[in-house]
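Data block for my_file.txt (compact mmCIF, C-alpha atoms):
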# COMPACT_ATOMS: atom_id res chain seq x y z
CA MET A 176 -162.90 -11.42 -4.15
CA GLY A 177 -164.84 -9.08 -1.99
CA ALA A 178 -163.25 -6.73 0.51
CA ILE A 179 -164.23 -8.87 3.46
CA HIS A 180 -162.35 -11.10 5.83
CA TRP A 181 -162.38 -14.85 5.67
CA SER A 182 -163.84 -16.63 8.67
CA GLN A 183 -164.10 -20.37 9.04
CA THR A 184 -167.21 -21.81 10.60
CA GLN A 185 -167.85 -25.33 11.72
CA THR A 186 -170.18 -27.23 9.44
CA PRO A 187 -171.95 -30.53 10.05
CA LYS A 188 -169.80 -33.40 8.91
CA ALA A 189 -171.31 -35.46 6.17
CA SER A 190 -170.69 -39.18 5.95
CA ASP A 191 -168.87 -39.00 2.65
CA ALA A 192 -167.83 -36.54 -0.03
CA THR A 193 -170.34 -36.58 -2.88
CA ILE A 194 -169.78 -36.55 -6.60
CA SER A 195 -172.24 -36.63 -9.47
CA PHE A 196 -171.58 -36.53 -13.19
CA SER A 197 -173.79 -36.74 -16.24
CA LEU A 198 -172.27 -39.71 -18.09
CA GLU A 199 -174.50 -39.19 -21.11
CA TRP A 200 -173.29 -35.60 -21.38
CA ALA A 201 -169.67 -36.70 -21.04
CA MET A 202 -169.98 -39.35 -23.74
CA ASN A 203 -171.65 -36.93 -26.12
CA ASN A 204 -169.16 -34.14 -25.59
CA PHE A 205 -165.85 -35.84 -24.82
CA SER A 206 -165.99 -38.82 -27.16
CA SER A 207 -163.48 -36.99 -29.32
CA GLY A 208 -160.92 -34.27 -28.77
CA PHE A 209 -159.30 -35.90 -25.72
CA SER A 210 -157.71 -39.30 -25.40
CA ALA A 211 -158.80 -41.31 -22.40
CA LEU A 212 -156.00 -41.51 -19.87
CA GLY A 213 -155.43 -44.69 -17.93
CA ARG A 214 -155.14 -44.73 -14.18
CA LYS A 215 -151.41 -45.32 -14.36
CA GLU A 216 -151.01 -42.15 -16.41
CA TYR A 217 -153.12 -40.02 -14.13
CA GLU A 218 -152.93 -41.62 -10.72
CA LYS A 219 -154.00 -39.85 -7.57
CA GLU A 220 -151.11 -39.05 -5.23
CA ARG A 221 -151.39 -37.41 -1.83
CA LEU A 222 -148.60 -35.12 -0.74
CA GLY A 223 -147.74 -35.43 2.96
CA ARG A 224 -146.11 -32.70 4.93
CA ASP A 225 -142.99 -34.82 5.27
CA ARG A 226 -142.35 -34.18 1.56
CA LEU A 227 -142.68 -30.44 1.81
CA GLY A 228 -139.38 -29.55 3.47
CA GLU A 229 -136.41 -27.57 2.26
CA GLY A 230 -135.41 -30.45 -0.01
CA ASP A 231 -138.21 -29.51 -2.39
CA GLN A 232 -136.70 -26.10 -3.09
CA SER A 233 -134.59 -25.88 -6.24
CA ASP A 234 -131.00 -24.72 -6.40
CA SER A 235 -132.07 -21.28 -7.63
CA ASP A 236 -133.21 -20.45 -4.09
CA SER A 237 -129.55 -20.43 -3.03
CA GLU A 238 -129.11 -17.37 -5.25
CA PRO A 239 -130.29 -13.97 -4.01
CA ALA A 240 -133.53 -12.81 -5.60
CA ARG A 241 -132.98 -10.14 -8.23
CA CYS A 242 -135.39 -7.92 -10.10
CA GLU A 243 -134.89 -7.90 -13.85
CA TRP A 244 -137.68 -5.37 -14.38
CA ASP A 245 -138.13 -1.64 -13.95
CA PHE A 246 -141.62 -1.09 -12.53
CA SER A 247 -143.37 2.26 -12.18
CA LEU A 248 -146.79 3.56 -11.27
CA SER A 249 -148.59 4.84 -14.35
CA THR A 250 -152.20 5.60 -13.34
CA VAL A 251 -154.36 5.94 -10.23
CA VAL A 252 -158.14 5.68 -10.67
CA SER A 253 -160.38 6.56 -7.75
CA SER A 254 -163.80 7.92 -6.91
CA GLY A 255 -162.38 11.00 -5.21
CA ALA A 256 -162.24 11.97 -1.57
CA SER A 257 -165.91 11.09 -1.12
CA ALA A 258 -165.36 7.42 -2.00
CA ALA A 259 -167.01 4.93 0.30
CA VAL A 260 -165.75 1.59 1.53
CA SER A 261 -168.45 0.00 -0.62
CA ASP A 262 -166.32 0.85 -3.67
CA ALA A 263 -163.87 -1.94 -2.71
CA LEU A 264 -162.51 -3.76 -5.76
CA GLY A 265 -162.60 -7.52 -5.27
CA VAL A 266 -161.79 -8.71 -8.78
CA ILE A 267 -160.00 -7.44 -11.92
CA GLU A 268 -159.95 -9.28 -15.25
CA PHE A 269 -158.46 -8.58 -18.68
CA ASP A 270 -160.49 -9.71 -21.69
CA PRO A 271 -158.98 -12.26 -24.15
CA SER A 272 -157.64 -9.45 -26.36
CA ASN A 273 -155.89 -7.87 -23.34
CA THR A 274 -157.27 -4.47 -24.34
CA VAL A 275 -160.36 -4.28 -22.11
CA VAL A 276 -160.57 -4.55 -18.32
CA ALA A 277 -163.52 -5.49 -16.12
CA THR A 278 -163.69 -4.84 -12.38
CA GLY A 279 -166.21 -5.80 -9.73
CA GLY A 280 -166.66 -5.84 -5.98
CA ILE A 281 -169.13 -5.02 -3.26
CA ALA A 282 -170.40 -1.88 -4.99
CA ARG A 283 -172.75 -4.04 -7.12
CA LYS A 284 -171.24 -2.71 -10.35
CA ILE A 285 -169.28 -4.19 -13.22
CA ARG A 286 -167.09 -1.45 -14.62
CA ILE A 287 -165.62 -1.82 -18.10
CA TYR A 288 -162.45 0.08 -19.06
CA ASN A 289 -160.53 0.37 -22.30
CA LEU A 290 -156.85 -0.09 -21.53
CA LYS A 291 -156.05 3.06 -23.50
CA SER A 292 -158.08 5.08 -20.99
CA LEU A 293 -156.05 3.58 -18.14
CA LEU A 294 -152.75 4.38 -19.87
CA PRO A 295 -153.46 7.89 -21.19
CA GLN A 296 -150.98 9.33 -23.65
CA ASP A 297 -152.00 12.88 -22.77
CA LYS A 298 -149.35 13.76 -20.20
CA SER A 299 -151.01 17.08 -19.52
CA ARG A 300 -153.24 15.15 -17.15
CA ALA A 301 -150.27 13.67 -15.33
CA PHE A 302 -148.97 14.88 -12.01
CA GLN A 303 -145.40 16.10 -12.32
CA GLY A 304 -143.35 15.81 -9.18
CA GLU A 305 -141.96 13.23 -6.80
CA GLN A 306 -144.15 10.51 -8.25
CA GLY A 307 -143.12 11.21 -11.83
CA ASP A 308 -145.62 11.06 -14.66
CA VAL A 309 -148.64 9.57 -12.92
CA ALA A 310 -152.13 10.10 -14.30
CA PHE A 311 -154.87 10.60 -11.70
CA LEU A 312 -158.32 9.71 -13.05
CA ASP A 313 -161.85 9.31 -11.77
CA HIS A 314 -163.75 6.05 -12.17
CA GLY A 315 -166.68 7.89 -13.70
CA ASN A 316 -164.57 9.35 -16.49
CA ALA A 317 -162.12 6.49 -16.97
CA CYS A 318 -164.59 3.63 -17.41
CA SER A 319 -166.40 3.15 -20.70
CA TYR A 320 -169.62 2.09 -18.96
CA TYR A 321 -170.87 0.10 -16.01
CA ILE A 322 -173.56 -2.50 -15.39
CA CYS A 323 -175.44 -2.62 -12.10
CA THR A 324 -175.73 -6.06 -10.56
CA PRO A 325 -178.28 -7.34 -8.03
CA ALA A 326 -175.64 -8.53 -5.56
CA LYS A 327 -172.06 -7.97 -4.47
CA LEU A 328 -169.56 -9.63 -6.80
CA SER A 329 -166.80 -12.02 -5.78
CA SER A 330 -165.64 -13.22 -9.21
CA LEU A 331 -165.56 -12.26 -12.89
CA ARG A 332 -164.31 -14.22 -15.88
CA TRP A 333 -164.52 -13.50 -19.62
CA LYS A 334 -166.10 -16.28 -21.65
CA PRO A 335 -163.68 -17.65 -24.27
CA GLY A 336 -164.84 -17.65 -27.86
CA SER A 337 -167.34 -14.84 -27.38
CA GLY A 338 -165.16 -12.13 -28.86
CA GLY A 339 -165.08 -10.33 -25.52
CA ARG A 340 -168.84 -9.98 -25.57
CA LEU A 341 -169.81 -12.31 -22.68
CA LEU A 342 -168.66 -11.93 -19.10
CA GLY A 343 -169.47 -14.38 -16.32
CA SER A 344 -169.84 -13.43 -12.67
CA GLY A 345 -170.31 -15.08 -9.30
CA ASP A 346 -171.97 -13.22 -6.45
CA TYR A 347 -172.60 -13.18 -2.73
CA ASP A 348 -176.14 -14.54 -3.21
CA GLY A 349 -174.84 -17.76 -4.77
CA VAL A 350 -175.83 -16.91 -8.34
CA VAL A 351 -173.76 -17.31 -11.51
CA THR A 352 -174.70 -14.81 -14.22
CA GLU A 353 -173.46 -14.20 -17.75
CA TYR A 354 -173.73 -10.68 -19.15
CA ASP A 355 -173.89 -9.65 -22.80
CA LEU A 356 -171.73 -6.54 -22.74
CA GLU A 357 -173.00 -5.19 -26.05
CA ARG A 358 -176.57 -5.24 -24.79
CA GLN A 359 -175.47 -4.67 -21.17
CA LEU A 360 -177.97 -7.27 -20.03
CA PRO A 361 -177.83 -10.69 -18.31
CA VAL A 362 -178.36 -13.57 -20.75
CA PHE A 363 -177.74 -16.64 -18.57
CA GLU A 364 -178.27 -17.32 -14.90
CA ARG A 365 -178.01 -20.32 -12.60
CA ASP A 366 -178.82 -20.42 -8.90
CA GLU A 367 -177.78 -23.91 -7.85
CA HIS A 368 -175.58 -23.27 -4.80
CA GLY A 369 -178.43 -22.96 -2.32
CA GLY A 370 -177.95 -19.24 -1.79
CA LYS A 371 -174.39 -19.75 -0.55
CA ARG A 372 -171.78 -17.29 -1.81
CA VAL A 373 -170.07 -18.16 -5.09
CA TRP A 374 -166.40 -17.37 -4.62
CA SER A 375 -165.10 -18.21 -8.06
CA VAL A 376 -166.17 -18.86 -11.65
CA ASP A 377 -164.20 -19.95 -14.70
CA TYR A 378 -164.62 -21.36 -18.22
CA SER A 379 -162.85 -24.15 -20.04
CA HIS A 380 -160.61 -23.28 -22.97
CA TRP A 381 -161.67 -26.12 -25.24
CA ASP A 382 -164.79 -27.28 -27.03
CA PRO A 383 -167.30 -27.99 -25.66
CA LEU A 384 -167.19 -24.85 -23.57
CA ILE A 385 -168.27 -25.49 -19.99
CA GLY A 386 -168.25 -23.33 -16.89
CA ALA A 387 -167.38 -24.05 -13.27
CA SER A 388 -168.16 -22.40 -9.97
CA GLY A 389 -167.00 -22.87 -6.38
CA SER A 390 -169.10 -21.94 -3.39
CA ASP A 391 -169.54 -21.79 0.35
CA ASP A 392 -171.92 -24.74 -0.05
CA GLY A 393 -168.83 -26.93 -0.29
CA THR A 394 -169.23 -27.89 -3.93
CA MET A 395 -167.55 -27.26 -7.25
CA GLN A 396 -170.14 -27.43 -10.00
CA MET A 397 -169.51 -27.68 -13.73
CA TRP A 398 -172.23 -26.63 -16.11
CA ASP A 399 -172.90 -26.38 -19.82
CA PRO A 400 -174.46 -23.01 -20.75
CA ARG A 401 -176.15 -24.69 -23.72
CA CYS A 402 -178.22 -26.64 -21.20
CA GLY A 403 -179.24 -23.59 -19.20
CA GLY A 404 -182.93 -24.38 -19.39
CA SER A 405 -182.50 -27.94 -18.16
CA GLU A 406 -182.96 -29.22 -14.63
CA GLY A 407 -180.10 -28.20 -12.35
CA GLY A 408 -179.16 -25.15 -14.38
CA GLY A 409 -177.28 -27.20 -16.97
CA CYS A 410 -175.15 -28.95 -14.32
CA VAL A 411 -172.99 -31.71 -15.79
CA ALA A 412 -170.89 -32.45 -12.70
CA LYS A 413 -170.98 -31.67 -8.99
CA VAL A 414 -167.99 -32.35 -6.76
CA GLN A 415 -167.83 -32.05 -2.99
CA PRO A 416 -164.08 -32.31 -2.27
CA THR A 417 -164.47 -32.77 1.49
CA ALA A 418 -166.93 -34.72 3.60
CA ALA A 419 -167.15 -31.74 5.95
CA ARG A 420 -168.36 -29.55 3.07
CA SER A 421 -165.48 -27.10 3.41
CA SER A 422 -165.97 -24.00 1.27
CA VAL A 423 -164.63 -24.14 -2.28
CA CYS A 424 -162.86 -20.79 -2.60
CA CYS A 425 -161.38 -20.99 -6.08
CA VAL A 426 -161.68 -22.92 -9.34
CA GLU A 427 -159.62 -22.66 -12.51
CA PHE A 428 -159.56 -24.69 -15.71
CA SER A 429 -156.19 -25.26 -17.29
CA PRO A 430 -155.78 -22.61 -20.01
CA PHE A 431 -153.66 -25.02 -22.05
CA ARG A 432 -156.52 -26.92 -23.65
CA ASP A 433 -156.33 -30.04 -21.52
CA ALA A 434 -159.13 -31.53 -19.44
CA LEU A 435 -157.85 -30.38 -16.07
CA ILE A 436 -159.42 -28.22 -13.40
CA ALA A 437 -157.90 -27.06 -10.10
CA VAL A 438 -159.81 -26.32 -6.90
CA GLY A 439 -158.76 -24.63 -3.65
CA CYS A 440 -160.66 -25.22 -0.42
CA ALA A 441 -161.02 -24.07 3.17
CA ASP A 442 -159.67 -27.46 4.29
CA ARG A 443 -156.16 -26.08 3.48
CA LYS A 444 -155.76 -28.24 0.39
CA ALA A 445 -155.74 -27.77 -3.37
CA TYR A 446 -157.11 -30.44 -5.69
CA THR A 447 -156.82 -31.23 -9.37
CA TYR A 448 -159.47 -33.16 -11.30
CA ASP A 449 -159.82 -34.64 -14.76
CA VAL A 450 -163.14 -33.12 -15.85
CA ARG A 451 -164.10 -36.38 -17.57
CA ARG A 452 -163.64 -38.33 -14.35
CA THR A 453 -164.51 -36.35 -11.24
CA LYS A 454 -165.18 -39.35 -9.00
CA GLU A 455 -161.93 -38.65 -7.20
CA PRO A 456 -159.18 -36.04 -7.53
CA LEU A 457 -156.06 -36.71 -9.55
CA HIS A 458 -153.93 -35.07 -6.89
CA VAL A 459 -154.41 -33.65 -3.43
CA LEU A 460 -151.85 -30.93 -2.77
CA GLU A 461 -151.18 -30.45 0.94
CA GLY A 462 -148.86 -27.80 2.31
CA HIS A 463 -150.84 -24.70 3.28
CA SER A 464 -151.65 -24.30 6.97
CA LYS A 465 -154.82 -22.30 6.34
CA THR A 466 -157.54 -21.82 3.70
CA VAL A 467 -156.43 -21.99 0.06
CA THR A 468 -157.89 -18.85 -1.54
CA TYR A 469 -156.54 -18.99 -5.12
CA VAL A 470 -155.19 -21.45 -7.67
CA ARG A 471 -153.57 -20.34 -10.95
CA PHE A 472 -151.95 -22.41 -13.71
CA LEU A 473 -148.52 -21.09 -14.65
CA ASP A 474 -147.75 -23.53 -17.49
CA THR A 475 -148.64 -27.07 -18.54
CA GLU A 476 -146.68 -28.57 -15.64
CA THR A 477 -146.90 -26.07 -12.79
CA MET A 478 -149.59 -24.36 -10.74
CA VAL A 479 -149.52 -21.66 -8.05
CA SER A 480 -151.72 -21.64 -4.97
CA ALA A 481 -152.27 -18.93 -2.37
CA GLY A 482 -153.50 -19.21 1.18
CA ILE A 483 -154.29 -17.07 4.18
CA ASP A 484 -151.18 -18.53 5.79
CA GLY A 485 -149.24 -15.76 4.03
CA CYS A 486 -147.70 -18.09 1.44
CA LEU A 487 -147.78 -18.73 -2.27
CA LYS A 488 -146.77 -22.22 -3.36
CA LEU A 489 -145.55 -23.46 -6.74
CA TRP A 490 -146.47 -27.06 -7.52
CA ASN A 491 -145.36 -29.51 -10.16
CA ILE A 492 -148.71 -31.08 -11.07
CA LYS A 493 -147.29 -33.85 -13.22
CA GLU A 494 -145.19 -35.65 -10.61
CA PRO A 495 -146.63 -34.05 -8.29
CA ARG A 496 -144.49 -32.19 -5.74
CA LEU A 497 -143.97 -28.82 -4.13
CA ILE A 498 -141.32 -26.80 -5.95
CA ARG A 499 -141.14 -23.56 -3.99
CA THR A 500 -142.82 -21.46 -1.30
CA TYR A 501 -143.02 -17.67 -1.62
CA LYS A 502 -143.15 -15.49 1.50
CA GLY A 503 -143.04 -11.77 2.21
CA HIS A 504 -146.59 -10.45 1.85
CA LEU A 505 -149.03 -10.30 4.75
CA ASN A 506 -152.14 -12.44 4.43
CA SER A 507 -153.83 -13.93 7.47
CA ARG A 508 -157.55 -13.25 7.01
CA SER A 509 -158.47 -11.63 3.67
CA PHE A 510 -158.59 -12.38 -0.03
CA VAL A 511 -155.67 -10.35 -1.41
CA GLY A 512 -155.61 -11.52 -5.04
CA LEU A 513 -153.28 -13.71 -7.08
CA SER A 514 -152.31 -13.41 -10.74
CA VAL A 515 -149.55 -15.00 -12.82
CA TRP A 516 -147.89 -13.55 -15.90
CA ARG A 517 -147.05 -16.70 -17.82
CA HIS A 518 -144.74 -15.18 -20.42
CA GLY A 519 -142.59 -13.39 -17.84
CA GLY A 520 -142.74 -16.01 -15.11
CA LEU A 521 -143.93 -13.43 -12.57
CA LEU A 522 -146.45 -13.82 -9.75
CA GLY A 523 -148.41 -10.88 -8.35
CA CYS A 524 -150.44 -10.65 -5.17
CA GLY A 525 -151.77 -8.11 -2.72
CA SER A 526 -151.10 -7.76 0.97
CA GLU A 527 -152.94 -6.75 4.11
CA ASN A 528 -150.47 -3.90 4.63
CA ASN A 529 -151.77 -2.21 1.46
CA GLN A 530 -148.86 -3.22 -0.75
CA VAL A 531 -148.46 -5.02 -4.06
CA PHE A 532 -145.90 -7.83 -4.17
CA VAL A 533 -144.23 -9.31 -7.25
CA TYR A 534 -142.34 -12.59 -7.12
CA ASP A 535 -140.19 -14.17 -9.81
CA LYS A 536 -141.06 -17.86 -10.01
CA ARG A 537 -137.36 -18.68 -9.52
CA TRP A 538 -137.02 -17.20 -6.04
CA GLY A 539 -139.02 -17.42 -2.85
CA GLU A 540 -138.52 -13.78 -1.88
CA PRO A 541 -140.31 -10.83 -3.52
CA ILE A 542 -138.44 -8.94 -6.23
CA TRP A 543 -140.60 -5.80 -6.05
CA ILE A 544 -142.92 -4.23 -3.48
CA ARG A 545 -145.01 -1.10 -3.86
CA GLY A 546 -147.58 0.46 -1.57
CA LEU A 547 -150.87 1.68 -3.02
CA GLU A 548 -151.41 5.42 -2.98
CA PRO A 549 -153.36 6.35 0.18
CA MET A 550 -156.78 7.95 0.04
CA VAL A 551 -157.70 11.05 1.99
CA GLY A 552 -159.58 10.19 5.16
CA ALA A 553 -158.81 8.26 8.33
CA GLU A 554 -161.18 5.44 7.39
CA PHE A 555 -158.72 4.25 4.76
CA ASN A 556 -155.68 4.05 7.04
CA HIS A 557 -156.01 0.27 7.33
CA GLY A 558 -156.83 -0.59 3.74
CA PHE A 559 -155.37 -3.54 1.88
CA VAL A 560 -154.82 -4.73 -1.68
CA ASN A 561 -157.40 -7.37 -2.51
CA SER A 562 -157.21 -7.88 -6.28
CA VAL A 563 -154.44 -8.00 -8.89
CA CYS A 564 -154.29 -8.90 -12.57
CA TRP A 565 -151.46 -9.20 -15.10
CA ARG A 566 -151.94 -8.42 -18.75
CA GLN A 567 -151.07 -11.63 -20.64
CA VAL A 568 -148.80 -10.41 -23.45
CA GLN A 569 -145.82 -12.00 -25.20
CA GLU A 570 -143.36 -9.15 -24.93
CA ASP A 571 -140.75 -7.61 -22.64
CA ARG A 572 -143.18 -5.05 -21.31
CA CYS A 573 -145.74 -5.87 -18.65
CA THR A 574 -148.81 -4.29 -17.09
CA LEU A 575 -150.10 -5.09 -13.61
CA LEU A 576 -153.39 -3.77 -12.23
CA ALA A 577 -154.13 -3.70 -8.50
CA GLY A 578 -157.37 -2.89 -6.71
CA GLY A 579 -157.71 -1.82 -3.11
CA SER A 580 -160.29 -2.13 -0.37
CA ASN A 581 -160.70 1.65 -0.72
CA GLY A 582 -161.90 1.32 -4.33
CA VAL A 583 -158.69 2.65 -5.87
CA LEU A 584 -157.45 1.01 -9.07
CA GLN A 585 -153.75 1.43 -9.79
CA VAL A 586 -151.87 0.58 -12.99
CA PHE A 587 -148.20 -0.37 -12.93
CA VAL A 588 -146.03 -0.86 -16.00
CA GLY A 589 -142.73 -2.67 -16.20
CA THR A 590 -139.97 -2.96 -18.78
CA LYS A 591 -137.21 -5.55 -18.96
CA LYS A 592 -133.86 -4.21 -17.84
CA SER A 593 -131.23 -4.18 -20.56

For this file, write the structure as structure tokens.
Amino acid sequence: MGAIHWSQTQTPKASDATISFSLEWAMNNFSSGFSALGRKEYEKERLGRDRLGEGDQSDSDSEPARCEWDFSLSTVVSSGASAAVSDALGVIEFDPSNTVVATGGIARKIRIYNLKSLLPQDKSRAFQGEQGDVAFLDHGNACSYYICTPAKLSSLRWKPGSGGRLLGSGDYDGVVTEYDLERQLPVFERDEHGGKRVWSVDYSHWDPLIGASGSDDGTMQMWDPRCGGSEGGGCVAKVQPTAARSSVCCVEFSPFRDALIAVGCADRKAYTYDVRRTKEPLHVLEGHSKTVTYVRFLDTETMVSAGIDGCLKLWNIKEPRLIRTYKGHLNSRSFVGLSVWRHGGLLGCGSENNQVFVYDKRWGEPIWIRGLEPMVGAEFNHGFVNSVCWRQVQEDRCTLLAGGSNGVLQVFVGTKKS
């Protein structure tokens, strides 16, 4: 998300939350591939605060948190001492092959990096000293190429099934755009959020492939790119989770090929929906005391949410119930990023004190904390980490990227302790 602070504003209260769905589209596209679930199997359940006490924590929280990984800083990528605040990195995303990285932010640029350039083997470029073998690179030399965008970017997401060729974006002007990276040109665009900032975009992981976006207009919209020329920009569903039109700050489809989407809102709640039936949410997850800024699926049964109350929360989305709350990082007003490494069971997030935090899903306290390397210049003294991304690999070696409000991209690597 962009390097700005979140501020809640009062909006006129509507009489009811609104939902619309193209039934003809749903019948044509979901008649096969998913079995229809009955209400008893997928029944909405609201979680009250009385269920969110210490009793929801598992026995593992009685054990002290321990780090089973050796983390180290590998690479620092910056624009040099002349970097401006406008270089702030709001989003980092690995492509499906986990070999290419895209970054975006308020500099109106999508930068594309090959992972090999971010993990250089040539140690002659590394700084030898107290920081060990750390490579210091410049964005201009490290990135393969960049694409200029018409607006500041708040979200990026690679389109599944495109071979890493198509990249979707959401921007501050309320526009969703898909870019063909081979041609370095936009190939799809929809402007259906009334000019209100799009905070988040995502794509489903099943066929038919549909996209979703969440916006300050208080709606989550799902759209079929194949219907881009139709009325409404190919919209197949529009959901307004709250009658007060609270901003929708994050959307994510389940990556496990089921028809589930999660939404986080400024009303302090997270929601899950069956994309075939968006009339009402499956679950309303209550527990955060402030805006929910991110939602991320950890596995088929659990999901992580983040809020500007300085907490991450792990939810069982089948029962549903709160499993654990994670505290330690500072987050009271900004988007600081959230990423989960599913294979390793690790959660990563930024902090408003310019540090990266790693949590093990088993414990509520952080297992590793590292401050980002400071930039030269007094204007960066109060920077913060506002984007993180794990490389999704099935091995005992991990890679975590973190972007700062000063435009610095840092690469950390970790190996499992023997």

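Going from atom CA of Lys444 of chain A to atom CA of Glu353 of chain A covers 29.0 Å.
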
Determine the axis-aligned bounding box of all atoms of segment 330-334 of chain A present in the file, pad each side by 5 Å, and express its centre and edge lengths in Å to one decimal place as AutoDock Vina command-line options.
--center_x -165.2 --center_y -14.3 --center_z -15.4 --size_x 11.8 --size_y 14.0 --size_z 22.4

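Considering all atoms listed in the file, the residue among A:Gly462, A:Gly393, A:Gly386, A:Gly339 positioned nearest to Ser272 of chain A is A:Gly339.
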
Within 6 Å of file point (-152.4, -9.8, -12.5), counting all atoms listed in the file, expressed as number ranges by chain: A: 514-515, 523, 563-565, 575

Expected file: the selected residues, C-alpha atoms, as a PDB file, in the coordinates of the input:
ATOM      1  CA  SER A 514    -152.310 -13.410 -10.740  1.00  0.00           C
ATOM      2  CA  VAL A 515    -149.550 -15.000 -12.820  1.00  0.00           C
ATOM      3  CA  GLY A 523    -148.410 -10.880  -8.350  1.00  0.00           C
ATOM      4  CA  VAL A 563    -154.440  -8.000  -8.890  1.00  0.00           C
ATOM      5  CA  CYS A 564    -154.290  -8.900 -12.570  1.00  0.00           C
ATOM      6  CA  TRP A 565    -151.460  -9.200 -15.100  1.00  0.00           C
ATOM      7  CA  LEU A 575    -150.100  -5.090 -13.610  1.00  0.00           C
TER       8      LEU A 575
END

Protein and nucleic acid residues near (-166.9, -20.9, -20.4) (cut-off 10 Å, all atoms listed in the file) as a ChimeraX atom specification: /A:332-337,341-343,353,376-387,397-400,428

What would the file look like if the residues just selected were written as a CSV table (one decimal), in the coordinates of the input with C-alpha atoms?
chain,number,residue,atom,x,y,z
A,332,ARG,CA,-164.3,-14.2,-15.9
A,333,TRP,CA,-164.5,-13.5,-19.6
A,334,LYS,CA,-166.1,-16.3,-21.6
A,335,PRO,CA,-163.7,-17.6,-24.3
A,336,GLY,CA,-164.8,-17.6,-27.9
A,337,SER,CA,-167.3,-14.8,-27.4
A,341,LEU,CA,-169.8,-12.3,-22.7
A,342,LEU,CA,-168.7,-11.9,-19.1
A,343,GLY,CA,-169.5,-14.4,-16.3
A,353,GLU,CA,-173.5,-14.2,-17.8
A,376,VAL,CA,-166.2,-18.9,-11.6
A,377,ASP,CA,-164.2,-20.0,-14.7
A,378,TYR,CA,-164.6,-21.4,-18.2
A,379,SER,CA,-162.8,-24.2,-20.0
A,380,HIS,CA,-160.6,-23.3,-23.0
A,381,TRP,CA,-161.7,-26.1,-25.2
A,382,ASP,CA,-164.8,-27.3,-27.0
A,383,PRO,CA,-167.3,-28.0,-25.7
A,384,LEU,CA,-167.2,-24.8,-23.6
A,385,ILE,CA,-168.3,-25.5,-20.0
A,386,GLY,CA,-168.2,-23.3,-16.9
A,387,ALA,CA,-167.4,-24.0,-13.3
A,397,MET,CA,-169.5,-27.7,-13.7
A,398,TRP,CA,-172.2,-26.6,-16.1
A,399,ASP,CA,-172.9,-26.4,-19.8
A,400,PRO,CA,-174.5,-23.0,-20.8
A,428,PHE,CA,-159.6,-24.7,-15.7

Exercise: Arg340 of chain A partners within 7 Å, all atoms listed in the file, chain neighbours under 3 positions left out, as a PyMOL selection string: chain A and resi 337+355-357

Could the residues in this selection be saved with C-alpha atoms as a PDB file, keeping the file's coordinate frame?
ATOM      1  CA  SER A 337    -167.340 -14.840 -27.380  1.00  0.00           C
ATOM      2  CA  ASP A 355    -173.890  -9.650 -22.800  1.00  0.00           C
ATOM      3  CA  LEU A 356    -171.730  -6.540 -22.740  1.00  0.00           C
ATOM      4  CA  GLU A 357    -173.000  -5.190 -26.050  1.00  0.00           C
TER       5      GLU A 357
END
